[in-house]
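See below for work-v5.cif, which holds mmCIF, C-alpha atoms.
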data_upload
loop_
_atom_site.label_atom_id
_atom_site.label_comp_id
_atom_site.auth_asym_id
_atom_site.auth_seq_id
_atom_site.Cartn_x
_atom_site.Cartn_y
_atom_site.Cartn_z
CA MET X 39 0.00 0.00 0.00
CA ALA X 40 2.82 2.39 0.83
CA GLY X 41 4.42 1.81 -2.56
CA ARG X 42 1.11 2.43 -4.31
CA SER X 43 0.55 5.61 -2.33
CA LEU X 44 4.00 6.89 -3.22
CA ALA X 45 3.37 6.12 -6.88
CA LEU X 46 0.06 7.99 -6.81
CA LEU X 47 1.74 10.90 -5.04
CA ALA X 48 4.47 11.02 -7.71
CA VAL X 49 1.86 11.07 -10.49
CA SER X 50 -0.09 13.80 -8.72
CA LEU X 51 3.03 15.92 -8.29
CA ALA X 52 3.95 15.47 -11.95
CA LEU X 53 0.48 16.56 -13.04
CA LEU X 54 0.65 19.53 -10.67
CA GLN X 55 4.02 20.56 -12.14
CA VAL X 56 2.63 20.37 -15.69
CA ALA X 57 -0.43 22.42 -14.71
CA SER X 58 1.74 24.97 -12.88
CA ALA X 59 4.02 25.36 -15.90
CA ALA X 60 1.00 25.80 -18.14
CA ARG X 61 -0.47 28.48 -15.89
CA SER X 62 2.88 30.25 -15.76
CA TRP X 63 3.06 30.33 -19.55
CA LEU X 64 -0.44 31.75 -19.85
CA THR X 65 -0.16 34.34 -17.13
CA GLN X 66 2.56 36.19 -19.05
CA PHE X 67 0.08 37.30 -21.74
CA THR X 68 -3.20 39.04 -22.44
CA THR X 69 -5.33 37.85 -25.36
CA ASP X 70 -7.42 39.34 -28.17
CA GLY X 71 -10.07 37.71 -30.33
CA VAL X 72 -10.79 33.98 -30.26
CA VAL X 73 -7.98 32.26 -28.35
CA ARG X 74 -8.38 28.74 -27.00
CA THR X 75 -6.10 26.66 -24.83
CA GLY X 76 -5.50 22.96 -24.49
CA TYR X 77 -2.82 20.30 -24.17
CA ASP X 78 -0.94 18.38 -26.84
CA THR X 79 -0.22 14.65 -26.63
CA SER X 80 2.93 15.27 -24.56
CA GLY X 81 1.04 17.28 -21.95
CA GLN X 82 2.36 20.66 -23.04
CA LYS X 83 0.07 23.65 -22.90
CA VAL X 84 -0.99 24.92 -26.34
CA MET X 85 -2.49 28.29 -27.18
CA MET X 86 -4.60 28.24 -30.36
CA LEU X 87 -5.46 31.37 -32.32
CA ASN X 88 -8.68 31.10 -34.33
CA LEU X 89 -9.79 33.16 -37.33
CA ASP X 90 -13.07 33.08 -39.23
CA ARG X 91 -15.08 35.64 -41.17
CA SER X 92 -16.90 36.96 -38.11
CA SER X 93 -14.27 36.62 -35.38
CA GLY X 94 -11.68 39.12 -36.56
CA PRO X 95 -7.96 38.83 -35.73
CA ALA X 96 -6.71 36.87 -32.73
CA GLY X 97 -3.56 37.17 -30.69
CA PHE X 98 -1.73 37.21 -27.39
CA ASN X 99 0.49 39.97 -26.06
CA SER X 100 3.14 39.99 -23.34
CA LYS X 101 2.33 41.91 -20.19
CA GLU X 102 5.96 42.96 -19.91
CA GLN X 103 8.03 45.03 -22.30
CA PHE X 104 11.59 44.16 -23.21
CA LEU X 105 14.76 45.92 -24.29
CA TYR X 106 16.93 43.20 -25.87
CA GLY X 107 16.65 39.48 -25.39
CA GLU X 108 16.26 36.02 -26.89
CA PHE X 109 12.69 34.95 -27.68
CA SER X 110 11.43 31.70 -29.14
CA ILE X 111 8.22 29.80 -29.58
CA GLU X 112 7.05 26.62 -31.23
CA MET X 113 4.33 27.06 -33.86
CA LYS X 114 2.17 24.69 -35.88
CA LEU X 115 0.69 26.58 -38.81
CA ILE X 116 -2.59 26.30 -40.72
CA PRO X 117 -2.93 23.08 -42.76
CA GLY X 118 -4.20 23.02 -46.34
CA ASN X 119 -5.18 26.19 -48.14
CA SER X 120 -4.02 29.03 -45.90
CA ALA X 121 -3.86 31.68 -48.66
CA GLY X 122 -4.47 35.21 -47.41
CA THR X 123 -3.74 34.46 -43.75
CA VAL X 124 -0.83 35.91 -41.80
CA SER X 125 0.47 34.23 -38.64
CA CYS X 126 3.00 36.24 -36.65
CA PHE X 127 5.56 36.17 -33.87
CA TYR X 128 7.03 39.63 -33.36
CA LEU X 129 8.17 42.45 -31.08
CA SER X 130 6.85 45.98 -31.36
CA SER X 131 7.16 49.26 -29.46
CA GLY X 132 3.65 50.35 -30.53
CA THR X 133 1.59 51.41 -33.53
CA ASP X 134 2.83 54.97 -34.02
CA ASP X 135 4.66 56.20 -37.12
CA TRP X 136 8.03 56.05 -35.31
CA ARG X 137 7.79 52.57 -33.91
CA ASP X 138 10.48 49.91 -33.70
CA GLU X 139 9.53 46.36 -34.63
CA ILE X 140 11.09 42.94 -35.30
CA ASP X 141 8.90 40.59 -37.34
CA MET X 142 8.56 36.95 -38.20
CA GLU X 143 5.43 36.76 -40.37
CA PHE X 144 4.17 33.58 -41.99
CA MET X 145 2.25 34.33 -45.16
CA GLY X 146 -0.20 31.59 -46.05
CA ASN X 147 -0.41 30.01 -49.47
CA SER X 148 -2.57 27.81 -51.64
CA SER X 149 -2.51 24.08 -50.97
CA GLY X 150 0.73 22.53 -52.13
CA GLN X 151 2.61 25.83 -52.31
CA PRO X 152 5.28 26.77 -49.75
CA VAL X 153 4.49 29.06 -46.84
CA VAL X 154 6.60 32.22 -46.99
CA LEU X 155 8.39 33.53 -43.90
CA ASN X 156 8.79 37.30 -43.98
CA THR X 157 11.48 38.69 -41.66
CA ASN X 158 11.58 42.44 -41.18
CA VAL X 159 13.13 45.09 -38.96
CA TRP X 160 11.58 48.49 -38.27
CA ALA X 161 13.60 51.35 -36.78
CA ASN X 162 11.99 54.75 -36.16
CA GLY X 163 9.11 53.84 -38.46
CA ASP X 164 11.20 52.64 -41.39
CA GLY X 165 10.26 49.04 -42.13
CA LYS X 166 11.47 48.37 -45.66
CA LYS X 167 13.99 45.73 -44.58
CA GLU X 168 12.34 42.48 -45.68
CA HIS X 169 14.01 39.16 -46.33
CA GLN X 170 11.50 36.49 -47.35
CA PHE X 171 12.06 32.74 -47.47
CA ASP X 172 10.06 29.76 -48.69
CA LEU X 173 9.96 27.33 -45.79
CA TRP X 174 11.68 24.06 -46.75
CA PHE X 175 9.29 21.89 -44.74
CA ASP X 176 5.56 21.64 -44.10
CA PRO X 177 5.03 23.97 -41.12
CA SER X 178 1.55 22.59 -40.51
CA ALA X 179 2.62 18.94 -40.08
CA ASP X 180 4.36 19.47 -36.75
CA TYR X 181 5.69 22.13 -34.40
CA HIS X 182 8.83 24.04 -35.37
CA THR X 183 10.81 26.53 -33.28
CA TYR X 184 11.17 30.16 -34.39
CA THR X 185 13.66 32.42 -32.61
CA ILE X 186 14.53 36.12 -32.51
CA ILE X 187 17.77 37.22 -30.82
CA TRP X 188 17.92 40.99 -30.36
CA ASN X 189 21.00 42.59 -28.85
CA PRO X 190 22.93 45.87 -29.20
CA GLU X 191 25.02 44.49 -32.07
CA ASN X 192 22.61 42.61 -34.36
CA ILE X 193 19.24 40.95 -34.76
CA LEU X 194 19.33 37.23 -35.56
CA PHE X 195 16.51 35.11 -36.99
CA LYS X 196 16.50 31.34 -36.59
CA VAL X 197 14.23 28.49 -37.74
CA ASP X 198 14.71 25.39 -35.59
CA ASN X 199 18.51 25.19 -35.39
CA VAL X 200 19.15 27.05 -38.65
CA PHE X 201 20.11 30.74 -38.65
CA ILE X 202 18.63 32.41 -41.73
CA ARG X 203 19.40 36.10 -41.24
CA SER X 204 21.57 38.59 -39.40
CA PHE X 205 20.60 42.28 -39.40
CA LYS X 206 23.68 44.20 -38.28
CA ARG X 207 23.80 47.48 -36.39
CA TYR X 208 25.73 50.43 -37.82
CA ALA X 209 26.44 53.48 -35.67
CA ASP X 210 25.17 55.94 -38.27
CA LEU X 211 21.96 54.09 -39.22
CA PRO X 212 18.65 53.59 -37.38
CA TYR X 213 18.48 50.48 -35.21
CA PRO X 214 15.99 49.32 -32.53
CA SER X 215 17.94 50.23 -29.41
CA SER X 216 15.99 52.51 -27.08
CA LYS X 217 12.26 51.71 -27.28
CA PRO X 218 11.00 48.85 -25.11
CA MET X 219 8.94 46.36 -27.08
CA THR X 220 5.99 44.09 -26.36
CA LEU X 221 6.00 40.53 -27.66
CA HIS X 222 3.01 39.54 -29.81
CA ALA X 223 1.63 36.50 -31.59
CA THR X 224 -1.24 37.16 -34.01
CA LEU X 225 -3.38 35.62 -36.73
CA TRP X 226 -5.18 37.93 -39.15
CA ASP X 227 -6.64 38.39 -42.62
CA GLY X 228 -3.88 39.69 -44.88
CA SER X 229 -5.70 39.08 -48.17
CA TYR X 230 -4.67 42.47 -49.53
CA TRP X 231 -0.98 41.58 -49.27
CA ALA X 232 -0.01 38.13 -48.02
CA THR X 233 -0.28 35.69 -50.92
CA GLU X 234 1.20 36.51 -54.32
CA LYS X 235 1.02 40.22 -53.48
CA GLY X 236 -2.70 40.04 -52.74
CA LYS X 237 -3.75 38.09 -55.82
CA VAL X 238 -5.04 35.13 -53.76
CA PRO X 239 -7.42 36.14 -50.92
CA ILE X 240 -8.70 34.05 -48.05
CA ASP X 241 -11.23 31.36 -48.93
CA TRP X 242 -13.55 31.57 -45.95
CA ASN X 243 -15.01 28.18 -46.85
CA ASN X 244 -11.88 26.74 -45.21
CA ALA X 245 -12.46 28.56 -41.93
CA PRO X 246 -11.89 28.38 -39.06
CA PHE X 247 -8.14 28.84 -39.51
CA VAL X 248 -6.12 27.75 -36.47
CA VAL X 249 -2.48 28.36 -35.53
CA SER X 250 -1.11 26.60 -32.43
CA TYR X 251 1.67 27.93 -30.19
CA ARG X 252 3.55 26.22 -27.38
CA SER X 253 6.83 26.24 -25.43
CA PHE X 254 7.31 30.00 -25.25
CA TYR X 255 10.78 30.99 -24.04
CA ALA X 256 12.22 34.41 -23.23
CA ASN X 257 15.56 35.33 -21.70
CA ALA X 258 15.49 39.09 -21.85
CA CYS X 259 15.95 42.46 -20.21
CA VAL X 260 12.63 43.67 -18.85
CA SER X 261 11.93 47.35 -19.35
CA GLY X 262 12.46 49.13 -16.04
CA GLY X 263 13.80 45.95 -14.45
CA ALA X 264 16.67 43.52 -14.51
CA CYS X 265 18.09 41.29 -17.21
CA HIS X 266 17.68 37.55 -16.76
CA ALA X 267 20.66 35.64 -15.42
CA GLY X 268 21.36 33.90 -18.74
CA ARG X 269 21.86 37.09 -20.72
CA ASP X 270 25.52 36.32 -21.44
CA GLY X 271 24.31 33.71 -23.91
CA TRP X 272 22.66 36.28 -26.17
CA MET X 273 23.71 39.83 -25.19
CA HIS X 274 26.74 39.82 -27.50
CA ARG X 275 25.72 36.88 -29.69
CA GLN X 276 26.92 37.04 -33.27
CA LEU X 277 27.13 34.40 -35.96
CA ASP X 278 30.22 32.26 -36.34
CA ALA X 279 31.51 31.00 -39.70
CA ALA X 280 29.35 27.87 -39.68
CA GLU X 281 26.23 29.85 -38.84
CA TRP X 282 26.95 32.32 -41.62
CA GLY X 283 27.07 29.22 -43.79
CA THR X 284 23.45 28.37 -42.93
CA VAL X 285 22.43 31.96 -43.75
CA ARG X 286 24.05 31.66 -47.18
CA TRP X 287 22.42 28.27 -47.66
CA ALA X 288 18.97 29.72 -46.92
CA GLU X 289 19.61 32.71 -49.18
CA ARG X 290 20.86 30.55 -52.03
CA ASN X 291 18.10 27.93 -51.92
CA TYR X 292 15.00 29.48 -50.36
CA MET X 293 15.12 33.28 -50.51
CA ARG X 294 12.11 34.69 -52.31
CA TYR X 295 12.69 38.41 -51.74
CA ASN X 296 15.57 40.64 -50.62
CA TYR X 297 14.93 44.35 -50.28
CA CYS X 298 18.56 45.02 -51.18
CA GLN X 299 17.86 43.68 -54.67
CA ASP X 300 14.62 45.57 -55.35
CA GLY X 301 15.66 48.42 -57.62
CA TYR X 302 12.03 49.20 -58.50
CA ARG X 303 11.32 49.93 -54.85
CA PHE X 304 14.45 52.02 -54.38
CA PRO X 305 14.96 53.92 -57.65
CA GLN X 306 17.19 56.49 -55.93
CA GLY X 307 19.54 53.85 -54.59
CA PHE X 308 19.46 51.02 -52.07
CA PRO X 309 19.47 51.65 -48.29
CA ALA X 310 22.96 52.27 -46.96
CA GLU X 311 23.29 48.97 -45.12
CA CYS X 312 22.84 47.03 -48.37
CA ASN X 313 26.36 47.98 -49.45
CA ARG X 314 27.90 47.05 -46.09
CA ASN X 315 26.52 43.61 -45.28
#

Final structure tokens representation of the file:
Amino acid sequence: MAGRSLALLAVSLALLQVASAARSWLTQFTTDGVVRTGYDTSGQKVMMLNLDRSSGPAGFNSKEQFLYGEFSIEMKLIPGNSAGTVSCFYLSSGTDDWRDEIDMEFMGNSSGQPVVLNTNVWANGDGKKEHQFDLWFDPSADYHTYTIIWNPENILFKVDNVFIRSFKRYADLPYPSSKPMTLHATLWDGSYWATEKGKVPIDWNNAPFVVSYRSFYANACVSGGACHAGRDGWMHRQLDAAEWGTVRWAERNYMRYNYCQDGYRFPQGFPAECNRN
């Protein structure tokens, strides 16, 4: 009987730890729109953003603001025809014309076509810094990890264990460095822009569209507070030679758009950083 009681106690404690971790994850955010929660088969807490014609956009937003940090989350995107939808994981200082922002935006596509990941950096309201990549896997089949590392020297974007972009800081050019930012995850109707430059809108017959998020991680400096103890791992993080190799691999094989190659958009000359990277 004692052995059975100890076994039951161990199970109860394990379930309590899972529930406590789930509550901790949720309590860091406020929500907008239709957001549901549940557990996956491994017992991890999942937050699901839902979009249909009547619901409007959905999202969750950190209660804290940050000034530098490492942020990651696991996402499972919309299966099938997701054209016109935009699923996001990003940091933003606000909605004003002078905002700073760091974006990972997943632009839906027609069935069988690759989902496009749009990475972008805004500094003082200038956001024409896009690098776009076709994802080389089905992002709706399973969870994948998406990471933003933001420090005083560069902004790094990573998919699973693959770095795909480094946006470097230059002393004479705008860079997100002084405005605390809130972390957001959103799902919205981007029919006017998302798929083939707006040519393919949402097909609401496929609604509801659902994006699932789990395993949120942040090691960051909280605005008005302290930096987390592990900051040495990201505060001065830059890419080594092998990691630059994965960036070049992604650019060579999967890059769909690079603002530094868009002469139509910049007829007077490319942004200054294009000639320095």

Evaluated on this file, the PyMOL selection byres ((chain X and resi 136) around 10) picks out some residues - which ones are they, written as a compact mmCIF listing (two decimals) with C-alpha atoms, in the frame of the given file?
# COMPACT_ATOMS: atom_id res chain seq x y z
CA SER X 131 7.16 49.26 -29.46
CA GLY X 132 3.65 50.35 -30.53
CA THR X 133 1.59 51.41 -33.53
CA ASP X 134 2.83 54.97 -34.02
CA ASP X 135 4.66 56.20 -37.12
CA ARG X 137 7.79 52.57 -33.91
CA ASP X 138 10.48 49.91 -33.70
CA GLU X 139 9.53 46.36 -34.63
CA TRP X 160 11.58 48.49 -38.27
CA ALA X 161 13.60 51.35 -36.78
CA ASN X 162 11.99 54.75 -36.16
CA GLY X 163 9.11 53.84 -38.46
CA ASP X 164 11.20 52.64 -41.39

Any chance you could work out the residue set of the PyMOL selection byres ((chain X and resi 171) around 9) here, as a PDB file with C-alpha atoms, in the frame of the given file?
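After the write, selection-v6.pdb holds the following:
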ATOM      1  CA  VAL X 153       4.490  29.060 -46.840  1.00  0.00           C
ATOM      2  CA  VAL X 154       6.600  32.220 -46.990  1.00  0.00           C
ATOM      3  CA  LEU X 155       8.390  33.530 -43.900  1.00  0.00           C
ATOM      4  CA  ASN X 156       8.790  37.300 -43.980  1.00  0.00           C
ATOM      5  CA  THR X 157      11.480  38.690 -41.660  1.00  0.00           C
ATOM      6  CA  HIS X 169      14.010  39.160 -46.330  1.00  0.00           C
ATOM      7  CA  GLN X 170      11.500  36.490 -47.350  1.00  0.00           C
ATOM      8  CA  ASP X 172      10.060  29.760 -48.690  1.00  0.00           C
ATOM      9  CA  LEU X 173       9.960  27.330 -45.790  1.00  0.00           C
ATOM     10  CA  TRP X 174      11.680  24.060 -46.750  1.00  0.00           C
ATOM     11  CA  ILE X 202      18.630  32.410 -41.730  1.00  0.00           C
ATOM     12  CA  ALA X 288      18.970  29.720 -46.920  1.00  0.00           C
ATOM     13  CA  GLU X 289      19.610  32.710 -49.180  1.00  0.00           C
ATOM     14  CA  ASN X 291      18.100  27.930 -51.920  1.00  0.00           C
ATOM     15  CA  TYR X 292      15.000  29.480 -50.360  1.00  0.00           C
ATOM     16  CA  MET X 293      15.120  33.280 -50.510  1.00  0.00           C
ATOM     17  CA  ARG X 294      12.110  34.690 -52.310  1.00  0.00           C
ATOM     18  CA  TYR X 295      12.690  38.410 -51.740  1.00  0.00           C
TER      19      TYR X 295
END

Radius query 12 Å about (-5.4, 29.0, -32.9), atoms used: all atoms listed in the file, as a PyMOL selection string: chain X and resi 69-76+84-90+93+95-98+113-117+125-126+223-226+245-252

Could you write those residues out with C-alpha atoms, as a PDB file, keeping the file's coordinate frame?
ATOM      1  CA  THR X  69      -5.330  37.850 -25.360  1.00  0.00           C
ATOM      2  CA  ASP X  70      -7.420  39.340 -28.170  1.00  0.00           C
ATOM      3  CA  GLY X  71     -10.070  37.710 -30.330  1.00  0.00           C
ATOM      4  CA  VAL X  72     -10.790  33.980 -30.260  1.00  0.00           C
ATOM      5  CA  VAL X  73      -7.980  32.260 -28.350  1.00  0.00           C
ATOM      6  CA  ARG X  74      -8.380  28.740 -27.000  1.00  0.00           C
ATOM      7  CA  THR X  75      -6.100  26.660 -24.830  1.00  0.00           C
ATOM      8  CA  GLY X  76      -5.500  22.960 -24.490  1.00  0.00           C
ATOM      9  CA  VAL X  84      -0.990  24.920 -26.340  1.00  0.00           C
ATOM     10  CA  MET X  85      -2.490  28.290 -27.180  1.00  0.00           C
ATOM     11  CA  MET X  86      -4.600  28.240 -30.360  1.00  0.00           C
ATOM     12  CA  LEU X  87      -5.460  31.370 -32.320  1.00  0.00           C
ATOM     13  CA  ASN X  88      -8.680  31.100 -34.330  1.00  0.00           C
ATOM     14  CA  LEU X  89      -9.790  33.160 -37.330  1.00  0.00           C
ATOM     15  CA  ASP X  90     -13.070  33.080 -39.230  1.00  0.00           C
ATOM     16  CA  SER X  93     -14.270  36.620 -35.380  1.00  0.00           C
ATOM     17  CA  PRO X  95      -7.960  38.830 -35.730  1.00  0.00           C
ATOM     18  CA  ALA X  96      -6.710  36.870 -32.730  1.00  0.00           C
ATOM     19  CA  GLY X  97      -3.560  37.170 -30.690  1.00  0.00           C
ATOM     20  CA  PHE X  98      -1.730  37.210 -27.390  1.00  0.00           C
ATOM     21  CA  MET X 113       4.330  27.060 -33.860  1.00  0.00           C
ATOM     22  CA  LYS X 114       2.170  24.690 -35.880  1.00  0.00           C
ATOM     23  CA  LEU X 115       0.690  26.580 -38.810  1.00  0.00           C
ATOM     24  CA  ILE X 116      -2.590  26.300 -40.720  1.00  0.00           C
ATOM     25  CA  PRO X 117      -2.930  23.080 -42.760  1.00  0.00           C
ATOM     26  CA  SER X 125       0.470  34.230 -38.640  1.00  0.00           C
ATOM     27  CA  CYS X 126       3.000  36.240 -36.650  1.00  0.00           C
ATOM     28  CA  ALA X 223       1.630  36.500 -31.590  1.00  0.00           C
ATOM     29  CA  THR X 224      -1.240  37.160 -34.010  1.00  0.00           C
ATOM     30  CA  LEU X 225      -3.380  35.620 -36.730  1.00  0.00           C
ATOM     31  CA  TRP X 226      -5.180  37.930 -39.150  1.00  0.00           C
ATOM     32  CA  ALA X 245     -12.460  28.560 -41.930  1.00  0.00           C
ATOM     33  CA  PRO X 246     -11.890  28.380 -39.060  1.00  0.00           C
ATOM     34  CA  PHE X 247      -8.140  28.840 -39.510  1.00  0.00           C
ATOM     35  CA  VAL X 248      -6.120  27.750 -36.470  1.00  0.00           C
ATOM     36  CA  VAL X 249      -2.480  28.360 -35.530  1.00  0.00           C
ATOM     37  CA  SER X 250      -1.110  26.600 -32.430  1.00  0.00           C
ATOM     38  CA  TYR X 251       1.670  27.930 -30.190  1.00  0.00           C
ATOM     39  CA  ARG X 252       3.550  26.220 -27.380  1.00  0.00           C
TER      40      ARG X 252
END

Two-atom distance - CA of Gly307 in chain X, CA of Glu234 in chain X (Å):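 CA of Gly307 in chain X sits 25.2 Å away from CA of Glu234 in chain X.
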
Contacts of Asp241 in chain X at 12 Å (all atoms listed in the file; same-chain gap of 6+ positions) as a ChimeraX atom specification: /X:89-91,118-123,146-149,227-229,233,247

On this file, the PyMOL selection byres ((chain X and resi 258) around 10) gives some set of residues; write that set as a short mmCIF file (atom, residue, chain, number, x, y, z; two decimals) with C-alpha atoms, in the coordinates of the input.
data_model
loop_
_atom_site.label_atom_id
_atom_site.label_comp_id
_atom_site.auth_asym_id
_atom_site.auth_seq_id
_atom_site.Cartn_x
_atom_site.Cartn_y
_atom_site.Cartn_z
CA GLN X 103 8.03 45.03 -22.30
CA PHE X 104 11.59 44.16 -23.21
CA LEU X 105 14.76 45.92 -24.29
CA TYR X 106 16.93 43.20 -25.87
CA GLY X 107 16.65 39.48 -25.39
CA GLU X 108 16.26 36.02 -26.89
CA PHE X 109 12.69 34.95 -27.68
CA ILE X 187 17.77 37.22 -30.82
CA TRP X 188 17.92 40.99 -30.36
CA ASN X 189 21.00 42.59 -28.85
CA TYR X 255 10.78 30.99 -24.04
CA ALA X 256 12.22 34.41 -23.23
CA ASN X 257 15.56 35.33 -21.70
CA CYS X 259 15.95 42.46 -20.21
CA VAL X 260 12.63 43.67 -18.85
CA SER X 261 11.93 47.35 -19.35
CA ALA X 264 16.67 43.52 -14.51
CA CYS X 265 18.09 41.29 -17.21
CA HIS X 266 17.68 37.55 -16.76
CA ALA X 267 20.66 35.64 -15.42
CA GLY X 268 21.36 33.90 -18.74
CA ARG X 269 21.86 37.09 -20.72
CA TRP X 272 22.66 36.28 -26.17
CA MET X 273 23.71 39.83 -25.19
#

Nearest-residue call for Leu64 in chain X, choices X:Lys166, X:Trp242, X:Tyr128, X:Phe254, using all atoms listed in the file: X:Phe254

Per residue of range 95-211 of chain X within 8 Å of range 277-287 of chain X, note the shortest atom pair and the distance in Å to one decimal, counting all atoms listed in the file, and order the rows by chain and increasing residue number, as a Markdown table.
| residue | atom | partner | partner_atom | distance |
| --- | --- | --- | --- | --- |
| X:Val200 | CA | X:Thr284 | CA | 6.2 |
| X:Phe201 | CA | X:Val285 | CA | 5.7 |
| X:Ile202 | CA | X:Val285 | CA | 4.3 |
| X:Arg203 | CA | X:Val285 | CA | 5.7 |
| X:Ser204 | CA | X:Leu277 | CA | 7.8 |

Go ahead and save the residues from that selection, with C-alpha atoms, as a PDB file, keeping the file's coordinate frame.
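Output file result08.pdb is given in full below:
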ATOM      1  CA  VAL X 200      19.150  27.050 -38.650  1.00  0.00           C
ATOM      2  CA  PHE X 201      20.110  30.740 -38.650  1.00  0.00           C
ATOM      3  CA  ILE X 202      18.630  32.410 -41.730  1.00  0.00           C
ATOM      4  CA  ARG X 203      19.400  36.100 -41.240  1.00  0.00           C
ATOM      5  CA  SER X 204      21.570  38.590 -39.400  1.00  0.00           C
TER       6      SER X 204
END

Between CA of Phe67 in chain X and CA of Thr183 in chain X, distance in Å (one decimal):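 Between CA of Phe67 in chain X and CA of Thr183 in chain X the gap is 19.1 Å.
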
Nearest residue to Pro309 in chain X from the set X:Gly165, X:Gly150, X:Ser100, X:Pro218 (distances using all atoms listed in the file):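 The answer is X:Gly165, which sits nearest to Pro309 in chain X.
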
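Using only C-alpha atoms, the smallest distance between any of X:Lys167, X:Thr68, X:Pro177, X:Glu191 and Gln151 in chain X comes from X:Pro177.
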
Proximity to Met142 in chain X - best of X:Arg207, X:Lys196, X:Lys83, X:His274, only C-alpha atoms: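 Closest to Met142 in chain X of all the choices is X:Lys196.
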
Nearest residue to Val159 in chain X from the set X:Met145, X:Val238, X:Leu129, X:Val124 (distances using all atoms listed in the file):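 Going through X:Met145, X:Val238, X:Leu129, X:Val124 one by one, the smallest distance to Val159 in chain X is for X:Leu129.
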
Repaired coordinates for range 230-241 of chain X (N, CA and C atoms) as a PDB file, in the frame of the given file:
ATOM      1  N   TYR X 230      -5.098  41.372 -48.652  1.00  0.00           N
ATOM      2  CA  TYR X 230      -4.670  42.470 -49.530  1.00  0.00           C
ATOM      3  C   TYR X 230      -3.191  42.404 -49.868  1.00  0.00           C
ATOM      4  N   TRP X 231      -2.437  41.528 -49.171  1.00  0.00           N
ATOM      5  CA  TRP X 231      -0.980  41.580 -49.270  1.00  0.00           C
ATOM      6  C   TRP X 231      -0.284  40.225 -49.225  1.00  0.00           C
ATOM      7  N   ALA X 232      -0.807  39.263 -48.467  1.00  0.00           N
ATOM      8  CA  ALA X 232      -0.010  38.130 -48.020  1.00  0.00           C
ATOM      9  C   ALA X 232       0.390  37.162 -49.126  1.00  0.00           C
ATOM     10  N   THR X 233      -0.528  36.777 -49.983  1.00  0.00           N
ATOM     11  CA  THR X 233      -0.280  35.690 -50.920  1.00  0.00           C
ATOM     12  C   THR X 233      -0.206  36.207 -52.344  1.00  0.00           C
ATOM     13  N   GLU X 234       0.963  36.034 -52.956  1.00  0.00           N
ATOM     14  CA  GLU X 234       1.200  36.510 -54.320  1.00  0.00           C
ATOM     15  C   GLU X 234       0.794  37.974 -54.474  1.00  0.00           C
ATOM     16  N   LYS X 235       1.251  38.770 -53.492  1.00  0.00           N
ATOM     17  CA  LYS X 235       1.020  40.220 -53.480  1.00  0.00           C
ATOM     18  C   LYS X 235      -0.468  40.574 -53.521  1.00  0.00           C
ATOM     19  N   GLY X 236      -1.266  39.765 -52.849  1.00  0.00           N
ATOM     20  CA  GLY X 236      -2.700  40.040 -52.740  1.00  0.00           C
ATOM     21  C   GLY X 236      -3.556  39.427 -53.831  1.00  0.00           C
ATOM     22  N   LYS X 237      -2.970  38.667 -54.718  1.00  0.00           N
ATOM     23  CA  LYS X 237      -3.750  38.090 -55.820  1.00  0.00           C
ATOM     24  C   LYS X 237      -4.634  36.937 -55.358  1.00  0.00           C
ATOM     25  N   VAL X 238      -4.277  36.276 -54.254  1.00  0.00           N
ATOM     26  CA  VAL X 238      -5.040  35.130 -53.760  1.00  0.00           C
ATOM     27  C   VAL X 238      -5.572  35.456 -52.369  1.00  0.00           C
ATOM     28  N   PRO X 239      -6.863  35.790 -52.236  1.00  0.00           N
ATOM     29  CA  PRO X 239      -7.420  36.140 -50.920  1.00  0.00           C
ATOM     30  C   PRO X 239      -7.793  34.887 -50.124  1.00  0.00           C
ATOM     31  N   ILE X 240      -8.202  35.132 -48.902  1.00  0.00           N
ATOM     32  CA  ILE X 240      -8.700  34.050 -48.050  1.00  0.00           C
ATOM     33  C   ILE X 240      -9.943  33.417 -48.667  1.00  0.00           C
ATOM     34  N   ASP X 241     -10.010  32.098 -48.603  1.00  0.00           N
ATOM     35  CA  ASP X 241     -11.230  31.360 -48.930  1.00  0.00           C
ATOM     36  C   ASP X 241     -11.887  31.001 -47.611  1.00  0.00           C
TER      37      ASP X 241
END
